[in-house]
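Printed here is start23.cif (mmCIF, C-alpha atoms; chains and numbers go by the auth columns):
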data_entry
loop_
_atom_site.group_PDB
_atom_site.id
_atom_site.type_symbol
_atom_site.label_atom_id
_atom_site.label_comp_id
_atom_site.label_asym_id
_atom_site.label_seq_id
_atom_site.Cartn_x
_atom_site.Cartn_y
_atom_site.Cartn_z
_atom_site.B_iso_or_equiv
_atom_site.auth_seq_id
_atom_site.auth_asym_id
ATOM 1 C CA GLN A 1 -67.779 19.628 35.402 0.00 20 E
ATOM 2 C CA LYS A 2 -70.936 19.883 33.291 0.00 21 E
ATOM 3 C CA VAL A 3 -73.205 22.873 33.825 0.00 22 E
ATOM 4 C CA PRO A 4 -76.570 22.233 32.110 0.00 23 E
ATOM 5 C CA SER A 5 -77.670 25.867 31.889 0.00 24 E
ATOM 6 C CA ILE A 6 -77.339 29.344 33.362 0.00 25 E
ATOM 7 C CA VAL A 7 -80.159 30.188 35.748 0.00 26 E
ATOM 8 C CA GLY A 8 -82.344 32.962 34.398 0.00 27 E
ATOM 9 C CA ARG A 9 -81.086 32.700 30.799 0.00 28 E
ATOM 10 C CA THR A 10 -82.880 31.038 27.891 0.00 29 E
ATOM 11 C CA GLU A 11 -79.973 30.666 25.425 0.00 30 E
ATOM 12 C CA ARG A 12 -79.743 27.188 23.917 0.00 31 E
ATOM 13 C CA SER A 13 -76.230 27.711 22.627 0.00 32 E
ATOM 14 C CA LEU A 14 -73.360 29.117 24.703 0.00 33 E
ATOM 15 C CA GLU A 15 -70.315 27.904 22.784 0.00 34 E
ATOM 16 C CA LYS A 16 -68.956 31.423 22.197 0.00 35 E
ATOM 17 C CA PHE A 17 -67.243 32.891 25.250 0.00 36 E
ATOM 18 C CA SER A 18 -64.119 34.523 26.636 0.00 37 E
ATOM 19 C CA VAL A 19 -62.236 33.651 29.846 0.00 38 E
ATOM 20 C CA SER A 20 -60.363 36.254 31.899 0.00 39 E
ATOM 21 C CA ARG A 21 -56.577 35.787 32.107 0.00 40 E
ATOM 22 C CA ASP A 22 -56.772 34.718 35.766 0.00 41 E
ATOM 23 C CA GLY A 23 -59.677 32.335 35.095 0.00 42 E
ATOM 24 C CA LYS A 24 -61.926 34.033 37.633 0.00 43 E
ATOM 25 C CA MET A 25 -64.587 35.176 35.171 0.00 44 E
ATOM 26 C CA ILE A 26 -66.212 33.807 32.003 0.00 45 E
ATOM 27 C CA ALA A 27 -68.180 36.030 29.615 0.00 46 E
ATOM 28 C CA PHE A 28 -70.660 34.304 27.284 0.00 47 E
ATOM 29 C CA MET A 29 -72.258 35.807 24.183 0.00 48 E
ATOM 30 C CA GLY A 30 -75.988 35.831 24.877 0.00 49 E
ATOM 31 C CA ASN A 31 -79.027 36.759 22.855 0.00 50 E
ATOM 32 C CA ASP A 32 -80.332 40.266 22.179 0.00 51 E
ATOM 33 C CA GLY A 33 -77.077 42.093 22.940 0.00 52 E
ATOM 34 C CA TYR A 34 -76.428 40.504 26.330 0.00 53 E
ATOM 35 C CA VAL A 35 -73.014 39.481 27.654 0.00 54 E
ATOM 36 C CA ILE A 36 -73.497 36.922 30.432 0.00 55 E
ATOM 37 C CA LEU A 37 -70.947 36.923 33.272 0.00 56 E
ATOM 38 C CA VAL A 38 -70.296 33.664 35.134 0.00 57 E
ATOM 39 C CA ASP A 39 -67.958 33.022 38.064 0.00 58 E
ATOM 40 C CA GLY A 40 -65.113 30.834 36.796 0.00 59 E
ATOM 41 C CA LYS A 41 -64.876 28.854 40.034 0.00 60 E
ATOM 42 C CA THR A 42 -68.474 28.370 41.155 0.00 61 E
ATOM 43 C CA ARG A 43 -69.919 28.354 37.581 0.00 62 E
ATOM 44 C CA GLN A 44 -72.727 30.577 38.901 0.00 63 E
ATOM 45 C CA TRP A 45 -74.258 33.562 37.085 0.00 64 E
ATOM 46 C CA VAL A 46 -73.049 36.887 38.502 0.00 65 E
ATOM 47 C CA GLY A 47 -74.526 39.488 36.120 0.00 66 E
ATOM 48 C CA ASP A 48 -75.374 40.650 32.604 0.00 67 E
ATOM 49 C CA LEU A 49 -73.985 43.430 30.426 0.00 68 E
ATOM 50 C CA LYS A 50 -76.011 44.968 27.592 0.00 69 E
ATOM 51 C CA MET A 51 -75.097 46.488 24.236 0.00 70 E
ATOM 52 C CA ASN A 52 -77.107 47.662 21.248 0.00 71 E
ATOM 53 C CA GLY A 53 -77.391 45.111 18.461 0.00 72 E
ATOM 54 C CA SER A 54 -76.216 41.501 18.730 0.00 73 E
ATOM 55 C CA VAL A 55 -72.957 40.417 20.370 0.00 74 E
ATOM 56 C CA ARG A 56 -70.340 39.095 17.936 0.00 75 E
ATOM 57 C CA ALA A 57 -67.082 39.433 19.926 0.00 76 E
ATOM 58 C CA ILE A 58 -65.977 39.717 23.566 0.00 77 E
ATOM 59 C CA GLU A 59 -62.533 39.992 25.150 0.00 78 E
ATOM 60 C CA PHE A 60 -61.201 40.545 28.674 0.00 79 E
ATOM 61 C CA GLU A 61 -58.466 43.098 29.165 0.00 80 E
ATOM 62 C CA GLU A 62 -55.188 41.874 30.675 0.00 81 E
ATOM 63 C CA GLY A 63 -55.917 42.936 34.244 0.00 82 E
ATOM 64 C CA GLY A 64 -59.358 41.333 34.263 0.00 83 E
ATOM 65 C CA GLU A 65 -61.033 44.505 35.558 0.00 84 E
ATOM 66 C CA TYR A 66 -62.693 45.368 32.253 0.00 85 E
ATOM 67 C CA VAL A 67 -64.326 43.430 29.438 0.00 86 E
ATOM 68 C CA LEU A 68 -64.741 44.595 25.841 0.00 87 E
ATOM 69 C CA GLY A 69 -67.606 43.746 23.534 0.00 88 E
ATOM 70 C CA SER A 70 -68.724 44.571 20.016 0.00 89 E
ATOM 71 C CA GLY A 71 -71.116 43.327 17.387 0.00 90 E
ATOM 72 C CA SER A 72 -73.669 44.167 14.744 0.00 91 E
ATOM 73 C CA ASP A 73 -73.716 47.922 15.387 0.00 92 E
ATOM 74 C CA GLY A 74 -69.953 48.222 14.861 0.00 93 E
ATOM 75 C CA ASP A 75 -69.453 49.975 18.209 0.00 94 E
ATOM 76 C CA VAL A 76 -66.892 48.839 20.784 0.00 95 E
ATOM 77 C CA TYR A 77 -68.030 48.824 24.419 0.00 96 E
ATOM 78 C CA ARG A 78 -65.866 48.715 27.541 0.00 97 E
ATOM 79 C CA TRP A 79 -67.488 47.642 30.810 0.00 98 E
ATOM 80 C CA HIS A 80 -66.127 47.821 34.343 0.00 99 E
ATOM 81 C CA ILE A 81 -66.850 44.343 35.703 0.00 100 E
ATOM 82 C CA GLY A 82 -67.140 45.356 39.365 0.00 101 E
ATOM 83 C CA SER A 83 -69.809 48.003 38.766 0.00 102 E
ATOM 84 C CA ARG A 84 -71.312 46.384 35.608 0.00 103 E
ATOM 85 C CA ARG A 85 -71.269 49.844 34.016 0.00 104 E
ATOM 86 C CA CYS A 86 -70.331 50.708 30.442 0.00 105 E
ATOM 87 C CA VAL A 87 -67.518 53.227 30.853 0.00 106 E
ATOM 88 C CA GLU A 88 -66.553 53.746 27.224 0.00 107 E
ATOM 89 C CA ARG A 89 -68.129 53.348 23.802 0.00 108 E
ATOM 90 C CA PHE A 90 -66.672 54.230 20.423 0.00 109 E
ATOM 91 C CA HIS A 91 -67.441 53.439 16.797 0.00 110 E
ATOM 92 C CA ASN A 92 -64.967 51.251 14.948 0.00 111 E
ATOM 93 C CA GLU A 93 -63.849 53.192 11.908 0.00 112 E
ATOM 94 C CA ASP A 94 -64.453 50.305 9.501 0.00 113 E
ATOM 95 C CA GLY A 95 -68.170 50.759 9.968 0.00 114 E
ATOM 96 C CA THR A 96 -69.195 47.148 9.323 0.00 115 E
ATOM 97 C CA ILE A 97 -70.158 44.335 11.702 0.00 116 E
ATOM 98 C CA THR A 98 -67.438 43.442 14.202 0.00 117 E
ATOM 99 C CA SER A 99 -66.303 39.816 14.086 0.00 118 E
ATOM 100 C CA SER A 100 -63.387 39.655 16.585 0.00 119 E
ATOM 101 C CA LEU A 101 -61.507 41.512 19.311 0.00 120 E
ATOM 102 C CA ALA A 102 -58.077 41.199 20.926 0.00 121 E
ATOM 103 C CA ALA A 103 -56.449 43.281 23.659 0.00 122 E
ATOM 104 C CA SER A 104 -52.863 43.623 24.907 0.00 123 E
ATOM 105 C CA SER A 105 -51.431 45.943 27.559 0.00 124 E
ATOM 106 C CA ASN A 106 -50.976 48.717 24.977 0.00 125 E
ATOM 107 C CA PHE A 107 -53.171 47.942 21.983 0.00 126 E
ATOM 108 C CA LEU A 108 -56.674 46.944 20.951 0.00 127 E
ATOM 109 C CA ALA A 109 -57.382 45.130 17.678 0.00 128 E
ATOM 110 C CA VAL A 110 -60.869 45.142 16.166 0.00 129 E
ATOM 111 C CA GLY A 111 -61.656 42.768 13.296 0.00 130 E
ATOM 112 C CA ALA A 112 -64.619 43.241 10.981 0.00 131 E
ATOM 113 C CA GLU A 113 -66.623 41.079 8.594 0.00 132 E
ATOM 114 C CA SER A 114 -65.116 43.117 5.760 0.00 133 E
ATOM 115 C CA GLY A 115 -61.721 41.613 6.631 0.00 134 E
ATOM 116 C CA VAL A 116 -60.302 44.925 7.877 0.00 135 E
ATOM 117 C CA VAL A 117 -58.457 44.792 11.226 0.00 136 E
ATOM 118 C CA ASN A 118 -58.074 48.145 12.966 0.00 137 E
ATOM 119 C CA LEU A 119 -55.247 48.578 15.473 0.00 138 E
ATOM 120 C CA TYR A 120 -55.865 51.156 18.222 0.00 139 E
ATOM 121 C CA TYR A 121 -53.465 52.492 20.830 0.00 140 E
ATOM 122 C CA ASP A 122 -55.187 51.649 24.108 0.00 141 E
ATOM 123 C CA ARG A 123 -52.748 52.329 26.934 0.00 142 E
ATOM 124 C CA HIS A 124 -54.737 55.293 28.272 0.00 143 E
ATOM 125 C CA ALA A 125 -57.956 53.262 28.475 0.00 144 E
ATOM 126 C CA PRO A 126 -57.758 52.193 32.180 0.00 145 E
ATOM 127 C CA SER A 127 -57.572 55.799 33.431 0.00 146 E
ATOM 128 C CA LEU A 128 -60.350 56.799 31.042 0.00 147 E
ATOM 129 C CA ALA A 129 -62.461 53.889 32.235 0.00 148 E
ATOM 130 C CA ARG A 130 -61.924 54.741 35.908 0.00 149 E
ATOM 131 C CA GLY A 131 -63.192 58.243 35.217 0.00 150 E
ATOM 132 C CA GLY A 132 -66.107 56.848 33.265 0.00 151 E
ATOM 133 C CA SER A 133 -67.097 54.489 36.075 0.00 152 E
ATOM 134 C CA ARG A 134 -67.521 57.521 38.360 0.00 153 E
ATOM 135 C CA LEU A 135 -69.077 59.943 35.910 0.00 154 E
ATOM 136 C CA GLY A 136 -70.977 57.670 33.525 0.00 155 E
ATOM 137 C CA LEU A 137 -70.466 56.605 29.925 0.00 156 E
ATOM 138 C CA ALA A 138 -67.537 58.176 28.080 0.00 157 E
ATOM 139 C CA SER A 139 -68.284 58.300 24.347 0.00 158 E
ATOM 140 C CA THR A 140 -64.996 58.767 22.546 0.00 159 E
ATOM 141 C CA ASN A 141 -63.806 59.216 18.999 0.00 160 E
ATOM 142 C CA ARG A 142 -61.012 56.808 18.150 0.00 161 E
ATOM 143 C CA ALA A 143 -58.833 56.803 15.053 0.00 162 E
ATOM 144 C CA PRO A 144 -56.891 53.601 14.385 0.00 163 E
ATOM 145 C CA LEU A 145 -53.117 53.665 14.220 0.00 164 E
ATOM 146 C CA LYS A 146 -53.303 51.248 11.316 0.00 165 E
ATOM 147 C CA SER A 147 -55.963 49.545 9.229 0.00 166 E
ATOM 148 C CA ILE A 148 -54.696 46.137 8.126 0.00 167 E
ATOM 149 C CA MET A 149 -56.340 44.932 4.926 0.00 168 E
ATOM 150 C CA ASN A 150 -54.473 41.685 4.245 0.00 169 E
ATOM 151 C CA LEU A 151 -57.536 39.520 4.887 0.00 170 E
ATOM 152 C CA THR A 152 -60.127 39.615 2.121 0.00 171 E
ATOM 153 C CA THR A 153 -62.909 37.880 4.086 0.00 172 E
ATOM 154 C CA SER A 154 -64.182 38.168 7.667 0.00 173 E
ATOM 155 C CA ALA A 155 -61.484 38.569 10.353 0.00 174 E
ATOM 156 C CA ASP A 156 -62.758 35.718 12.528 0.00 175 E
ATOM 157 C CA ASN A 157 -59.904 35.322 15.031 0.00 176 E
ATOM 158 C CA LEU A 158 -57.411 37.762 16.543 0.00 177 E
ATOM 159 C CA ARG A 159 -54.714 36.937 19.112 0.00 178 E
ATOM 160 C CA PHE A 160 -51.860 38.964 20.613 0.00 179 E
ATOM 161 C CA ASN A 161 -48.826 37.041 21.812 0.00 180 E
ATOM 162 C CA HIS A 162 -47.632 37.354 25.420 0.00 181 E
ATOM 163 C CA ASP A 163 -45.644 40.585 25.009 0.00 182 E
ATOM 164 C CA GLY A 164 -48.022 42.172 22.513 0.00 183 E
ATOM 165 C CA ASP A 165 -45.434 42.410 19.744 0.00 184 E
ATOM 166 C CA ILE A 166 -47.232 40.004 17.384 0.00 185 E
ATOM 167 C CA LEU A 167 -50.886 40.011 16.380 0.00 186 E
ATOM 168 C CA ALA A 168 -52.179 36.869 14.665 0.00 187 E
ATOM 169 C CA MET A 169 -55.174 37.392 12.357 0.00 188 E
ATOM 170 C CA SER A 170 -57.160 34.667 10.617 0.00 189 E
ATOM 171 C CA THR A 171 -60.314 33.997 8.628 0.00 190 E
ATOM 172 C CA LYS A 172 -62.278 30.751 8.350 0.00 191 E
ATOM 173 C CA ARG A 173 -63.537 31.566 4.880 0.00 192 E
ATOM 174 C CA GLU A 174 -60.300 31.598 2.897 0.00 193 E
ATOM 175 C CA MET A 175 -57.715 28.851 2.369 0.00 194 E
ATOM 176 C CA ASN A 176 -54.499 29.545 4.342 0.00 195 E
ATOM 177 C CA GLY A 177 -56.115 32.687 5.710 0.00 196 E
ATOM 178 C CA LEU A 178 -53.603 33.551 8.435 0.00 197 E
ATOM 179 C CA LYS A 179 -51.424 36.654 8.772 0.00 198 E
ATOM 180 C CA LEU A 180 -49.011 37.827 11.468 0.00 199 E
ATOM 181 C CA LEU A 181 -48.560 41.525 12.226 0.00 200 E
ATOM 182 C CA HIS A 182 -45.406 42.982 13.798 0.00 201 E
ATOM 183 C CA VAL A 183 -47.187 45.415 16.113 0.00 202 E
ATOM 184 C CA PRO A 184 -44.353 47.924 16.862 0.00 203 E
ATOM 185 C CA THR A 185 -43.965 48.681 13.138 0.00 204 E
ATOM 186 C CA ALA A 186 -47.564 47.814 12.143 0.00 205 E
ATOM 187 C CA THR A 187 -46.306 45.702 9.232 0.00 206 E
ATOM 188 C CA VAL A 188 -47.395 42.220 8.191 0.00 207 E
ATOM 189 C CA PHE A 189 -44.679 39.558 8.057 0.00 208 E
ATOM 190 C CA SER A 190 -44.037 38.645 4.433 0.00 209 E
ATOM 191 C CA ASN A 191 -41.822 35.590 5.029 0.00 210 E
ATOM 192 C CA TRP A 192 -44.431 33.480 6.881 0.00 211 E
ATOM 193 C CA PRO A 193 -46.870 31.974 6.309 0.00 212 E
ATOM 194 C CA THR A 194 -46.180 31.414 2.630 0.00 213 E
ATOM 195 C CA SER A 195 -48.386 30.004 -0.116 0.00 214 E
ATOM 196 C CA LYS A 196 -46.834 26.592 0.576 0.00 215 E
ATOM 197 C CA THR A 197 -47.606 26.566 4.311 0.00 216 E
ATOM 198 C CA PRO A 198 -50.241 23.795 4.677 0.00 217 E
ATOM 199 C CA LEU A 199 -52.647 25.613 6.967 0.00 218 E
ATOM 200 C CA LYS A 200 -55.880 24.755 5.091 0.00 219 E
ATOM 201 C CA TYR A 201 -58.893 26.623 6.531 0.00 220 E
ATOM 202 C CA VAL A 202 -57.906 28.101 9.910 0.00 221 E
ATOM 203 C CA TRP A 203 -60.600 27.642 12.561 0.00 222 E
ATOM 204 C CA SER A 204 -58.617 28.571 15.660 0.00 223 E
ATOM 205 C CA MET A 205 -55.152 29.677 16.718 0.00 224 E
ATOM 206 C CA ASP A 206 -53.277 30.848 19.801 0.00 225 E
ATOM 207 C CA PHE A 207 -49.791 31.426 21.191 0.00 226 E
ATOM 208 C CA SER A 208 -48.192 29.463 24.021 0.00 227 E
ATOM 209 C CA PRO A 209 -47.663 31.491 27.256 0.00 228 E
ATOM 210 C CA GLY A 210 -44.086 32.460 26.351 0.00 229 E
ATOM 211 C CA SER A 211 -44.772 32.695 22.598 0.00 230 E
ATOM 212 C CA ARG A 212 -42.349 29.910 21.751 0.00 231 E
ATOM 213 C CA TYR A 213 -45.125 28.176 19.831 0.00 232 E
ATOM 214 C CA LEU A 214 -48.107 29.107 17.682 0.00 233 E
ATOM 215 C CA ALA A 215 -50.873 26.500 17.498 0.00 234 E
ATOM 216 C CA VAL A 216 -53.226 26.519 14.505 0.00 235 E
ATOM 217 C CA GLY A 217 -56.382 24.370 14.307 0.00 236 E
ATOM 218 C CA ASN A 218 -57.811 23.699 10.865 0.00 237 E
ATOM 219 C CA ASP A 219 -60.869 22.215 9.140 0.00 238 E
ATOM 220 C CA HIS A 220 -59.132 18.836 8.745 0.00 239 E
ATOM 221 C CA GLY A 221 -59.216 18.292 12.495 0.00 240 E
ATOM 222 C CA LYS A 222 -55.491 18.921 12.888 0.00 241 E
ATOM 223 C CA CYS A 223 -53.627 21.168 15.316 0.00 242 E
ATOM 224 C CA LEU A 224 -50.473 22.444 13.643 0.00 243 E
ATOM 225 C CA LEU A 225 -47.704 23.524 16.009 0.00 244 E
ATOM 226 C CA TYR A 226 -45.141 26.054 14.796 0.00 245 E
ATOM 227 C CA ARG A 227 -41.999 27.103 16.620 0.00 246 E
ATOM 228 C CA LEU A 228 -41.314 30.868 16.848 0.00 247 E
ATOM 229 C CA LYS A 229 -37.525 30.953 16.766 0.00 248 E
ATOM 230 C CA HIS A 230 -37.205 34.547 17.996 0.00 249 E
ATOM 231 C CA TYR A 231 -38.601 33.628 21.405 0.00 250 E
ATOM 232 C CA TRP A 232 -36.361 30.560 21.729 0.00 251 E
ATOM 233 C CA ASP A 233 -33.259 32.708 21.192 0.00 252 E
ATOM 234 C CA GLU A 234 -34.057 35.161 23.968 0.00 253 E
#
Take the structure in the file and write it out as structure tokens.
Amino acid sequence: QKVPSIVGRTERSLEKFSVSRDGKMIAFMGNDGYVILVDGKTRQWVGDLKMNGSVRAIEFEEGGEYVLGSGSDGDVYRWHIGSRRCVERFHNEDGTITSSLAASSNFLAVGAESGVVNLYYDRHAPSLARGGSRLGLASTNRAPLKSIMNLTTSADNLRFNHDGDILAMSTKREMNGLKLLHVPTATVFSNWPTSKTPLKYVWSMDFSPGSRYLAVGNDHGKCLLYRLKHYWDE
């Protein structure tokens, strides 16, 4: 189904977006700090969310009740979708422009244009957000559990696998720029990928629903499919 435009919005380009896990909601990156919410079934506009600065990254939380956004001001915003209210805001410790976000049931990863990826413990966030939705914005101070500095250029893509034990991190600006983090120990896998893994420039990547595969799209127009043996042996 082709939708020519979103009523009431003037954006010419809407290629950057995030879809909720249940497919019920789509969040588009709009102009001037707006996040545009569209119903995933009817394709109709349902509301806007607003942040300071320009939007560079958006991500739905697992339950679909909240959406996260960040951008040029380096702050991370959490909105309650039902009320359209911002219930939490904190400054990412890296301090530079945010380039990517990823959320699991327990953790939040924030990637920056500096290449630093900050890993935050986020399990308490739903209860905090519920309180914020009643009382107003909750400005919090967050310290990352770990700052991962294995990427030397912008952290363009972040993805958690299905159980949240692996975080994939990639950059478009560096050859073979892909790293995998073992989240429970906050250590980067050293045995893969290697310097001989023919990734080229990584433009996209994601895990299959059960994490048996990792798909990597590159600048040569190829989708490379890798088997994750650990999840086949379970």
Counting all atoms listed in the file, which residues come within 8 Å of (-76.5, 27.9, 37.2), with the point read in the file's coordinates, and could you list them as a PyMOL selection string? chain E and resi 22-26+62-64
Counting all atoms listed in the file, which residue out of E:Ala128, E:Cys242, E:Val38, E:Ala76 sits closest to Ala187 of chain E? E:Ala128
Ref. answer, residues at most 8 Å from (-59.0, 37.5, 11.6) with all atoms listed in the file, as JSON, numbers by chain: {"E": [119, 130, 134, 136, 170, 173, 174, 175, 176, 177, 187, 188, 189, 190, 197]}
Which of E:Arg103, E:Lys69, E:Arg97, E:Lys198 sits closest to Asp141 of chain E [using all atoms listed in the file]: E:Arg97
Non-local contacts of segment 211-223 of chain E (6 Å; all atoms listed in the file; under 5 positions in same chain excluded) as JSON, numbers by chain: {"E": [191, 194, 195, 235, 236, 237, 238]}
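Taking atom CA of Val65 of chain E as the reference point, atom CA of Glu107 of chain E is found at 21.3 Å.
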Of the listed residues E:Arg178, E:Lys21, E:Arg108, E:Arg28, that which approaches Asn71 of chain E most closely, counting all atoms listed in the file: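 Looking at the shortest contact to Asn71 of chain E, the residue is E:Arg108.
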May I ask which of the residues E:Ala122, E:Ile100, E:Ile116, E:Ala46 is the closest one to Glu80 of chain E, counting only C-alpha atoms? E:Ala122
Can you tell me which residues surround Thr29 of chain E at a distance of at most 12 Å, considering all atoms listed in the file, apart from same-chain residues fewer than 5 positions away, and format the answer as an mmCIF file with C-alpha atoms, in the frame of the given file?
data_model
loop_
_atom_site.group_PDB
_atom_site.id
_atom_site.type_symbol
_atom_site.label_atom_id
_atom_site.label_comp_id
_atom_site.auth_asym_id
_atom_site.auth_seq_id
_atom_site.Cartn_x
_atom_site.Cartn_y
_atom_site.Cartn_z
ATOM 1 C CA PRO E 23 -76.570 22.233 32.110
ATOM 2 C CA SER E 24 -77.670 25.867 31.889
ATOM 3 C CA GLY E 49 -75.988 35.831 24.877
ATOM 4 C CA ASN E 50 -79.027 36.759 22.855
ATOM 5 C CA ASP E 51 -80.332 40.266 22.179
ATOM 6 C CA TYR E 53 -76.428 40.504 26.330
ATOM 7 C CA ILE E 55 -73.497 36.922 30.432
#
Would you mind telling me which residue in E:Gly183, E:Gly240, E:Gly196, E:Gly72 lies nearest to Thr171 of chain E when using all atoms listed in the file?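 Checking each of E:Gly183, E:Gly240, E:Gly196, E:Gly72 against Thr171 of chain E, counting all atoms listed in the file, the winner is E:Gly196.
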Give as a count of residues only the residues that the PyMOL selection byres ((chain E and resi 231) around 12) matches when applied to the coordinates above. 22
I need the residue nearest Glu78 of chain E from this list: E:Leu120, E:Leu200, E:Ala131, E:Met168. Use all atoms listed in the file for the distance.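 Using all atoms listed in the file, Glu78 of chain E sits closest to E:Leu120.
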How many Å lie between atom CA of Lys35 of chain E and atom CA of Met48 of chain E, rounded to one decimal? 5.8 Å
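Atom CA of His99 of chain E is found 16.8 Å from atom CA of Gly42 of chain E.
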Using the file's own x, y and z axes, so that the box edges lie along x, y and z, what centre and edge lengths in Å (one decimal) does a box around every listed atom of segment 76-91 of chain E get when 3 Å is added on each side? Give it as lines of an AutoDock Vina configuration file.
center_x = -64.4
center_y = 42.4
center_z = 25.2
size_x = 24.5
size_y = 11.9
size_z = 26.8
